[in-house]
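Enquirer: Coordinates in run_27.tsv, TSV, N, CA and C atoms, are listed below.
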```tsv
chain	number	residue	atom	x	y	z
A	230	HIS	N	-183.74	-81.81	101.29
A	230	HIS	CA	-184.15	-81.35	99.97
A	230	HIS	C	-182.98	-80.81	99.16
A	231	ASN	N	-181.79	-81.35	99.39
A	231	ASN	CA	-180.61	-80.92	98.63
A	231	ASN	C	-180.41	-79.41	98.74
A	232	PHE	N	-180.60	-78.88	99.95
A	232	PHE	CA	-180.42	-77.45	100.21
A	232	PHE	C	-181.26	-76.57	99.29
A	233	LEU	N	-182.48	-77.01	99.04
A	233	LEU	CA	-183.51	-76.30	98.27
A	233	LEU	C	-183.22	-76.18	96.78
A	234	GLN	N	-182.22	-76.89	96.27
A	234	GLN	CA	-181.98	-76.84	94.83
A	234	GLN	C	-183.11	-77.59	94.12
A	235	GLY	N	-183.70	-76.94	93.14
A	235	GLY	CA	-184.80	-77.53	92.38
A	235	GLY	C	-186.14	-77.45	93.08
A	236	ILE	N	-186.21	-76.81	94.23
A	236	ILE	CA	-187.45	-76.66	94.97
A	236	ILE	C	-188.06	-75.30	94.63
A	237	SER	N	-189.37	-75.28	94.36
A	237	SER	CA	-189.99	-74.01	93.95
A	237	SER	C	-190.81	-73.35	95.06
A	238	ASN	N	-191.07	-74.09	96.15
A	238	ASN	CA	-191.77	-73.45	97.27
A	238	ASN	C	-191.37	-74.12	98.59
A	239	VAL	N	-191.50	-73.36	99.65
A	239	VAL	CA	-191.19	-73.85	100.99
A	239	VAL	C	-192.47	-74.40	101.60
A	240	ASP	N	-192.36	-75.50	102.31
A	240	ASP	CA	-193.50	-76.15	102.94
A	240	ASP	C	-194.30	-75.16	103.79
A	241	TYR	N	-195.61	-75.16	103.59
A	241	TYR	CA	-196.50	-74.23	104.29
A	241	TYR	C	-196.38	-74.39	105.80
A	242	GLU	N	-196.31	-75.60	106.29
A	242	GLU	CA	-196.22	-75.82	107.74
A	242	GLU	C	-194.94	-75.24	108.32
A	243	LEU	N	-193.84	-75.32	107.58
A	243	LEU	CA	-192.59	-74.72	108.04
A	243	LEU	C	-192.74	-73.20	108.11
A	244	LEU	N	-193.34	-72.61	107.10
A	244	LEU	CA	-193.54	-71.16	107.10
A	244	LEU	C	-194.43	-70.73	108.26
A	245	ARG	N	-195.49	-71.49	108.53
A	245	ARG	CA	-196.37	-71.18	109.66
A	245	ARG	C	-195.62	-71.29	110.99
A	246	THR	N	-194.75	-72.30	111.10
A	246	THR	CA	-193.95	-72.47	112.32
A	246	THR	C	-193.02	-71.28	112.52
A	247	ILE	N	-192.39	-70.83	111.45
A	247	ILE	CA	-191.52	-69.65	111.53
A	247	ILE	C	-192.33	-68.45	111.99
A	248	LYS	N	-193.50	-68.27	111.43
A	248	LYS	CA	-194.38	-67.15	111.79
A	248	LYS	C	-194.74	-67.20	113.28
A	249	ILE	N	-195.04	-68.38	113.78
A	249	ILE	CA	-195.38	-68.54	115.20
A	249	ILE	C	-194.17	-68.25	116.09
A	250	LEU	N	-193.02	-68.79	115.71
A	250	LEU	CA	-191.82	-68.62	116.52
A	250	LEU	C	-191.33	-67.17	116.57
A	251	THR	N	-191.70	-66.38	115.58
A	251	THR	CA	-191.23	-64.99	115.53
A	251	THR	C	-192.31	-63.98	115.88
A	252	ARG	N	-193.43	-64.44	116.39
A	252	ARG	CA	-194.57	-63.53	116.65
A	252	ARG	C	-194.26	-62.43	117.65
A	253	HIS	N	-193.26	-62.62	118.50
A	253	HIS	CA	-192.90	-61.60	119.49
A	253	HIS	C	-191.76	-60.68	119.01
A	254	LEU	N	-191.32	-60.88	117.79
A	254	LEU	CA	-190.21	-60.09	117.24
A	254	LEU	C	-190.71	-59.10	116.18
A	255	GLU	N	-189.85	-58.16	115.85
A	255	GLU	CA	-190.19	-57.16	114.83
A	255	GLU	C	-190.54	-57.82	113.49
A	256	VAL	N	-189.89	-58.92	113.18
A	256	VAL	CA	-190.13	-59.59	111.90
A	256	VAL	C	-191.48	-60.28	111.83
A	257	SER	N	-192.26	-60.21	112.91
A	257	SER	CA	-193.59	-60.82	112.90
A	257	SER	C	-194.50	-60.17	111.85
A	258	GLU	N	-194.13	-58.98	111.40
A	258	GLU	CA	-194.91	-58.29	110.37
A	258	GLU	C	-194.73	-58.89	108.98
A	259	CYS	N	-193.71	-59.73	108.82
A	259	CYS	CA	-193.43	-60.33	107.51
A	259	CYS	C	-194.50	-61.36	107.15
A	260	SER	N	-194.87	-61.37	105.89
A	260	SER	CA	-195.85	-62.35	105.40
A	260	SER	C	-195.16	-63.69	105.16
A	261	LEU	N	-195.94	-64.72	104.97
A	261	LEU	CA	-195.37	-66.03	104.65
A	261	LEU	C	-194.59	-65.97	103.33
A	262	LYS	N	-195.11	-65.20	102.38
A	262	LYS	CA	-194.42	-65.04	101.09
A	262	LYS	C	-193.06	-64.37	101.29
A	263	GLN	N	-193.00	-63.37	102.15
A	263	GLN	CA	-191.72	-62.70	102.42
A	263	GLN	C	-190.74	-63.67	103.09
A	264	TRP	N	-191.22	-64.51	104.00
A	264	TRP	CA	-190.36	-65.51	104.62
A	264	TRP	C	-189.83	-66.48	103.57
A	265	GLU	N	-190.71	-66.91	102.68
A	265	GLU	CA	-190.29	-67.84	101.64
A	265	GLU	C	-189.22	-67.21	100.75
A	266	GLN	N	-189.43	-65.96	100.36
A	266	GLN	CA	-188.46	-65.26	99.53
A	266	GLN	C	-187.12	-65.11	100.25
A	267	ALA	N	-187.16	-64.80	101.54
A	267	ALA	CA	-185.94	-64.65	102.33
A	267	ALA	C	-185.18	-65.97	102.43
A	268	ILE	N	-185.91	-67.05	102.61
A	268	ILE	CA	-185.28	-68.38	102.70
A	268	ILE	C	-184.60	-68.72	101.38
A	269	PHE	N	-185.29	-68.52	100.27
A	269	PHE	CA	-184.70	-68.82	98.97
A	269	PHE	C	-183.50	-67.93	98.67
A	270	LEU	N	-183.59	-66.66	99.01
A	270	LEU	CA	-182.46	-65.75	98.79
A	270	LEU	C	-181.27	-66.17	99.64
A	271	GLY	N	-181.51	-66.53	100.88
A	271	GLY	CA	-180.44	-66.99	101.75
A	271	GLY	C	-179.73	-68.21	101.20
A	272	PHE	N	-180.50	-69.17	100.72
A	272	PHE	CA	-179.89	-70.36	100.14
A	272	PHE	C	-179.18	-70.05	98.82
A	273	LYS	N	-179.71	-69.10	98.04
A	273	LYS	CA	-179.05	-68.72	96.78
A	273	LYS	C	-177.65	-68.19	97.04
A	274	VAL	N	-177.52	-67.24	97.96
A	274	VAL	CA	-176.19	-66.68	98.21
A	274	VAL	C	-175.30	-67.69	98.93
A	275	TRP	N	-175.89	-68.57	99.73
A	275	TRP	CA	-175.10	-69.62	100.38
A	275	TRP	C	-174.51	-70.56	99.34
A	276	HIS	N	-175.31	-70.93	98.33
A	276	HIS	CA	-174.81	-71.78	97.25
A	276	HIS	C	-173.66	-71.10	96.49
A	277	GLN	N	-173.79	-69.80	96.24
A	277	GLN	CA	-172.73	-69.06	95.56
A	277	GLN	C	-171.46	-69.04	96.41
A	278	LEU	N	-171.62	-68.83	97.69
A	278	LEU	CA	-170.48	-68.82	98.61
A	278	LEU	C	-169.78	-70.18	98.62
A	279	LYS	N	-170.55	-71.22	98.65
A	279	LYS	CA	-170.02	-72.58	98.66
A	279	LYS	C	-169.33	-72.91	97.32
A	280	GLU	N	-169.98	-72.53	96.21
A	280	GLU	CA	-169.44	-72.80	94.87
A	280	GLU	C	-168.09	-72.13	94.66
A	281	LYS	N	-167.93	-70.92	95.17
A	281	LYS	CA	-166.69	-70.16	94.98
A	281	LYS	C	-165.67	-70.41	96.10
A	282	CYS	N	-166.02	-71.28	97.05
A	282	CYS	CA	-165.14	-71.60	98.19
A	282	CYS	C	-164.77	-70.36	98.99
A	283	GLY	N	-165.73	-69.49	99.17
A	283	GLY	CA	-165.51	-68.29	99.96
A	283	GLY	C	-166.06	-67.06	99.27
A	284	GLY	N	-165.95	-65.97	99.94
A	284	GLY	CA	-166.47	-64.72	99.41
A	284	GLY	C	-167.11	-63.94	100.54
A	285	ARG	N	-168.03	-63.09	100.16
A	285	ARG	CA	-168.66	-62.21	101.13
A	285	ARG	C	-170.15	-62.11	100.82
A	286	ILE	N	-170.94	-62.07	101.86
A	286	ILE	CA	-172.37	-61.83	101.70
A	286	ILE	C	-172.65	-60.44	102.26
A	287	VAL	N	-173.20	-59.59	101.41
A	287	VAL	CA	-173.46	-58.20	101.79
A	287	VAL	C	-174.97	-58.00	101.90
A	288	CYS	N	-175.41	-57.54	103.06
A	288	CYS	CA	-176.83	-57.29	103.31
A	288	CYS	C	-177.07	-55.80	103.49
A	289	ASN	N	-178.17	-55.34	102.92
A	289	ASN	CA	-178.62	-53.97	103.13
A	289	ASN	C	-180.00	-54.06	103.77
A	290	MET	N	-180.06	-53.75	105.05
A	290	MET	CA	-181.31	-53.90	105.79
A	290	MET	C	-182.36	-52.88	105.38
A	291	TYR	N	-181.93	-51.72	104.89
A	291	TYR	CA	-182.89	-50.70	104.46
A	291	TYR	C	-183.54	-51.08	103.13
A	292	GLU	N	-182.72	-51.57	102.20
A	292	GLU	CA	-183.25	-51.96	100.89
A	292	GLU	C	-183.74	-53.40	100.87
A	293	LYS	N	-183.48	-54.12	101.96
A	293	LYS	CA	-183.86	-55.53	102.09
A	293	LYS	C	-183.26	-56.38	100.98
A	294	THR	N	-181.94	-56.22	100.81
A	294	THR	CA	-181.23	-56.98	99.79
A	294	THR	C	-180.10	-57.78	100.42
A	295	MET	N	-179.70	-58.83	99.72
A	295	MET	CA	-178.56	-59.64	100.12
A	295	MET	C	-177.90	-60.15	98.84
A	296	VAL	N	-176.61	-59.91	98.70
A	296	VAL	CA	-175.89	-60.33	97.50
A	296	VAL	C	-174.58	-60.99	97.87
A	297	PHE	N	-174.11	-61.84	96.99
A	297	PHE	CA	-172.82	-62.49	97.14
A	297	PHE	C	-171.77	-61.69	96.38
A	298	GLU	N	-170.59	-61.51	96.98
A	298	GLU	CA	-169.46	-60.88	96.31
A	298	GLU	C	-168.26	-61.82	96.41
A	299	GLU	N	-167.61	-62.02	95.27
A	299	GLU	CA	-166.43	-62.88	95.26
A	299	GLU	C	-165.28	-62.23	96.00
A	300	SER	N	-164.40	-63.05	96.55
A	300	SER	CA	-163.19	-62.54	97.20
A	300	SER	C	-162.26	-61.94	96.15
A	301	GLU	N	-161.51	-60.94	96.56
A	301	GLU	CA	-160.59	-60.28	95.63
A	301	GLU	C	-159.33	-61.08	95.39
A	302	SER	N	-158.98	-61.96	96.31
A	302	SER	CA	-157.73	-62.71	96.16
A	302	SER	C	-157.86	-63.91	95.28
```
Would you mind writing the file's structure down as structure tokens?
Expert:
Amino acid sequence: HNFLQGISNVDYELLRTIKILTRHLEVSECSLKQWEQAIFLGFKVWHQLKEKCGGRIVCNMYEKTMVFEESES
């Protein structure tokens, strides 16, 4: 799917599979919508990293955020 560019939702069966595979983990509490949002956010920052040919991805587990930061050099 061209790394989710132009895609507005993640396949329901994939989300259900993720939910099943993670049922024994702490993240099992996440809803399918939260999984979908996490997948899209992950691909968003990955695209930024690829576009800039490097950089940094900063995650805050308490605030549940992930952002791309450009390299200083």
Enquirer: Nearest residue to Gly271 (chain A) out of A:Val239, A:Met295, A:Ile247, A:Ser300, using only N, CA and C atoms?
Expert: A:Met295
Enquirer: Mind pulling up the distance from atom N of Leu278 (chain A) to atom C of Glu298 (chain A)?
Expert: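 Atom N of Leu278 (chain A) lies 7.9 Å from atom C of Glu298 (chain A).
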Enquirer: So which residues of chain A fall under helix (DSSP H, G or I) by DSSP, listed as a ChimeraX atom specification?
Expert: /A:231-233,241-250,255-258,261-280
Enquirer: Name the closest residue to Trp264 (chain A) among the candidates A:Gly283, A:Thr294, A:Leu244, A:Gly235; distances are taken between atoms, counting only N, CA and C atoms.
Expert: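 Selected residue with least distance to Trp264 (chain A): A:Leu244.
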Enquirer: Which value, in Å to one decimal, gives the distance between CA of Gly284 (chain A) and CA of Phe297 (chain A)?
Expert: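 If I compute the distance from CA of Gly284 (chain A) to CA of Phe297 (chain A), I get 7.1 Å.
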Enquirer: Could you check the closest approach to Gln234 (chain A) for each of A:Val287, A:Phe272, A:Lys248, A:Lys279 and tell me which residue wins, using all atoms listed in the file?
Expert: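 Among the listed residues, A:Phe272 lies closest to Gln234 (chain A).
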Enquirer: As JSON, please: the centre and edge lengths in Å, to one decimal, of an axis-aligned box enclosing every listed atom of region 293-302 of chain A with 3 Å added on each side.
Expert:
```
{"center_x": -170.8, "center_y": -59.0, "center_z": 98.7, "size_x": 32.1, "size_y": 15.8, "size_z": 12.8}
```
Enquirer: Among chain A, which residues does DSSP mark as strand (DSSP E) when it is run on the backbone? Keep the chain and numbering as in the structure and answer as a list in words.
Expert: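 Of chain A, the ones in strand (DSSP E) are Arg285, Ile286, Val287, Cys288, Asn289, Thr294, Met295, Val296, Phe297 and Glu298 of chain A.
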Enquirer: Write a file of the just-selected residues containing N, CA and C atoms, as a PDB file, in the frame of the given file.
Expert:
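Contents of the output file part_30.pdb:
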```pdb
ATOM      1  N   ARG A 285    -168.030 -63.090 100.160  1.00  0.00           N
ATOM      2  CA  ARG A 285    -168.660 -62.210 101.130  1.00  0.00           C
ATOM      3  C   ARG A 285    -170.150 -62.110 100.820  1.00  0.00           C
ATOM      4  N   ILE A 286    -170.940 -62.070 101.860  1.00  0.00           N
ATOM      5  CA  ILE A 286    -172.370 -61.830 101.700  1.00  0.00           C
ATOM      6  C   ILE A 286    -172.650 -60.440 102.260  1.00  0.00           C
ATOM      7  N   VAL A 287    -173.200 -59.590 101.410  1.00  0.00           N
ATOM      8  CA  VAL A 287    -173.460 -58.200 101.790  1.00  0.00           C
ATOM      9  C   VAL A 287    -174.970 -58.000 101.900  1.00  0.00           C
ATOM     10  N   CYS A 288    -175.410 -57.540 103.060  1.00  0.00           N
ATOM     11  CA  CYS A 288    -176.830 -57.290 103.310  1.00  0.00           C
ATOM     12  C   CYS A 288    -177.070 -55.800 103.490  1.00  0.00           C
ATOM     13  N   ASN A 289    -178.170 -55.340 102.920  1.00  0.00           N
ATOM     14  CA  ASN A 289    -178.620 -53.970 103.130  1.00  0.00           C
ATOM     15  C   ASN A 289    -180.000 -54.060 103.770  1.00  0.00           C
ATOM     16  N   THR A 294    -181.940 -56.220 100.810  1.00  0.00           N
ATOM     17  CA  THR A 294    -181.230 -56.980  99.790  1.00  0.00           C
ATOM     18  C   THR A 294    -180.100 -57.780 100.420  1.00  0.00           C
ATOM     19  N   MET A 295    -179.700 -58.830  99.720  1.00  0.00           N
ATOM     20  CA  MET A 295    -178.560 -59.640 100.120  1.00  0.00           C
ATOM     21  C   MET A 295    -177.900 -60.150  98.840  1.00  0.00           C
ATOM     22  N   VAL A 296    -176.610 -59.910  98.700  1.00  0.00           N
ATOM     23  CA  VAL A 296    -175.890 -60.330  97.500  1.00  0.00           C
ATOM     24  C   VAL A 296    -174.580 -60.990  97.870  1.00  0.00           C
ATOM     25  N   PHE A 297    -174.110 -61.840  96.990  1.00  0.00           N
ATOM     26  CA  PHE A 297    -172.820 -62.490  97.140  1.00  0.00           C
ATOM     27  C   PHE A 297    -171.770 -61.690  96.380  1.00  0.00           C
ATOM     28  N   GLU A 298    -170.590 -61.510  96.980  1.00  0.00           N
ATOM     29  CA  GLU A 298    -169.460 -60.880  96.310  1.00  0.00           C
ATOM     30  C   GLU A 298    -168.260 -61.820  96.410  1.00  0.00           C
TER      31      GLU A 298
END
```
Enquirer: Using Å and a single decimal, report how far CA of Ile236 (chain A) sits from atom N of Val274 (chain A).
Expert: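 Calculated distance between atom N of Val274 (chain A) and CA of Ile236 (chain A) is 14.0 Å.
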Enquirer: I need region 257-272 of chain A written out with N, CA, C and O atoms, as a short mmCIF file (atom, residue, chain, number, x, y, z; two decimals), in the first residue's frame; please produce it.
Expert:
```cif
data_model
loop_
_atom_site.label_atom_id
_atom_site.label_comp_id
_atom_site.auth_asym_id
_atom_site.auth_seq_id
_atom_site.Cartn_x
_atom_site.Cartn_y
_atom_site.Cartn_z
N SER A 257 -2.60 -5.05 25.45
CA SER A 257 -3.88 -5.68 25.11
C SER A 257 -5.07 -4.77 25.46
O SER A 257 -6.16 -4.95 24.92
N GLU A 258 -4.83 -3.79 26.32
CA GLU A 258 -5.89 -2.85 26.70
C GLU A 258 -6.20 -1.84 25.60
O GLU A 258 -7.23 -1.17 25.65
N CYS A 259 -5.32 -1.74 24.61
CA CYS A 259 -5.53 -0.76 23.53
C CYS A 259 -6.69 -1.18 22.63
O CYS A 259 -6.85 -2.36 22.32
N SER A 260 -7.46 -0.20 22.22
CA SER A 260 -8.57 -0.47 21.30
C SER A 260 -8.05 -0.59 19.87
O SER A 260 -6.89 -0.22 19.58
N LEU A 261 -8.89 -1.08 18.99
CA LEU A 261 -8.49 -1.17 17.58
C LEU A 261 -8.20 0.23 17.02
O LEU A 261 -7.28 0.41 16.23
N LYS A 262 -8.98 1.22 17.45
CA LYS A 262 -8.76 2.60 17.01
C LYS A 262 -7.39 3.10 17.47
O LYS A 262 -6.67 3.77 16.70
N GLN A 263 -7.01 2.77 18.69
CA GLN A 263 -5.69 3.19 19.19
C GLN A 263 -4.58 2.51 18.40
O GLN A 263 -3.57 3.13 18.10
N TRP A 264 -4.76 1.24 18.05
CA TRP A 264 -3.77 0.55 17.22
C TRP A 264 -3.66 1.22 15.86
O TRP A 264 -2.56 1.43 15.34
N GLU A 265 -4.79 1.55 15.28
CA GLU A 265 -4.78 2.21 13.97
C GLU A 265 -4.05 3.55 14.05
O GLU A 265 -3.21 3.86 13.20
N GLN A 266 -4.34 4.33 15.08
CA GLN A 266 -3.68 5.62 15.25
C GLN A 266 -2.17 5.44 15.44
O GLN A 266 -1.38 6.20 14.88
N ALA A 267 -1.77 4.44 16.20
CA ALA A 267 -0.34 4.18 16.43
C ALA A 267 0.36 3.78 15.14
O ALA A 267 1.49 4.22 14.86
N ILE A 268 -0.30 2.97 14.33
CA ILE A 268 0.28 2.55 13.05
C ILE A 268 0.46 3.75 12.14
O ILE A 268 1.53 3.95 11.55
N PHE A 269 -0.56 4.59 12.02
CA PHE A 269 -0.44 5.77 11.17
C PHE A 269 0.61 6.74 11.68
O PHE A 269 1.37 7.31 10.89
N LEU A 270 0.69 6.93 12.98
CA LEU A 270 1.70 7.82 13.54
C LEU A 270 3.10 7.27 13.27
O LEU A 270 4.00 8.01 12.89
N GLY A 271 3.27 5.98 13.45
CA GLY A 271 4.56 5.35 13.18
C GLY A 271 5.00 5.55 11.74
O GLY A 271 6.16 5.89 11.46
N PHE A 272 4.09 5.35 10.81
CA PHE A 272 4.43 5.55 9.40
C PHE A 272 4.66 7.02 9.09
O PHE A 272 5.51 7.35 8.27
#
```
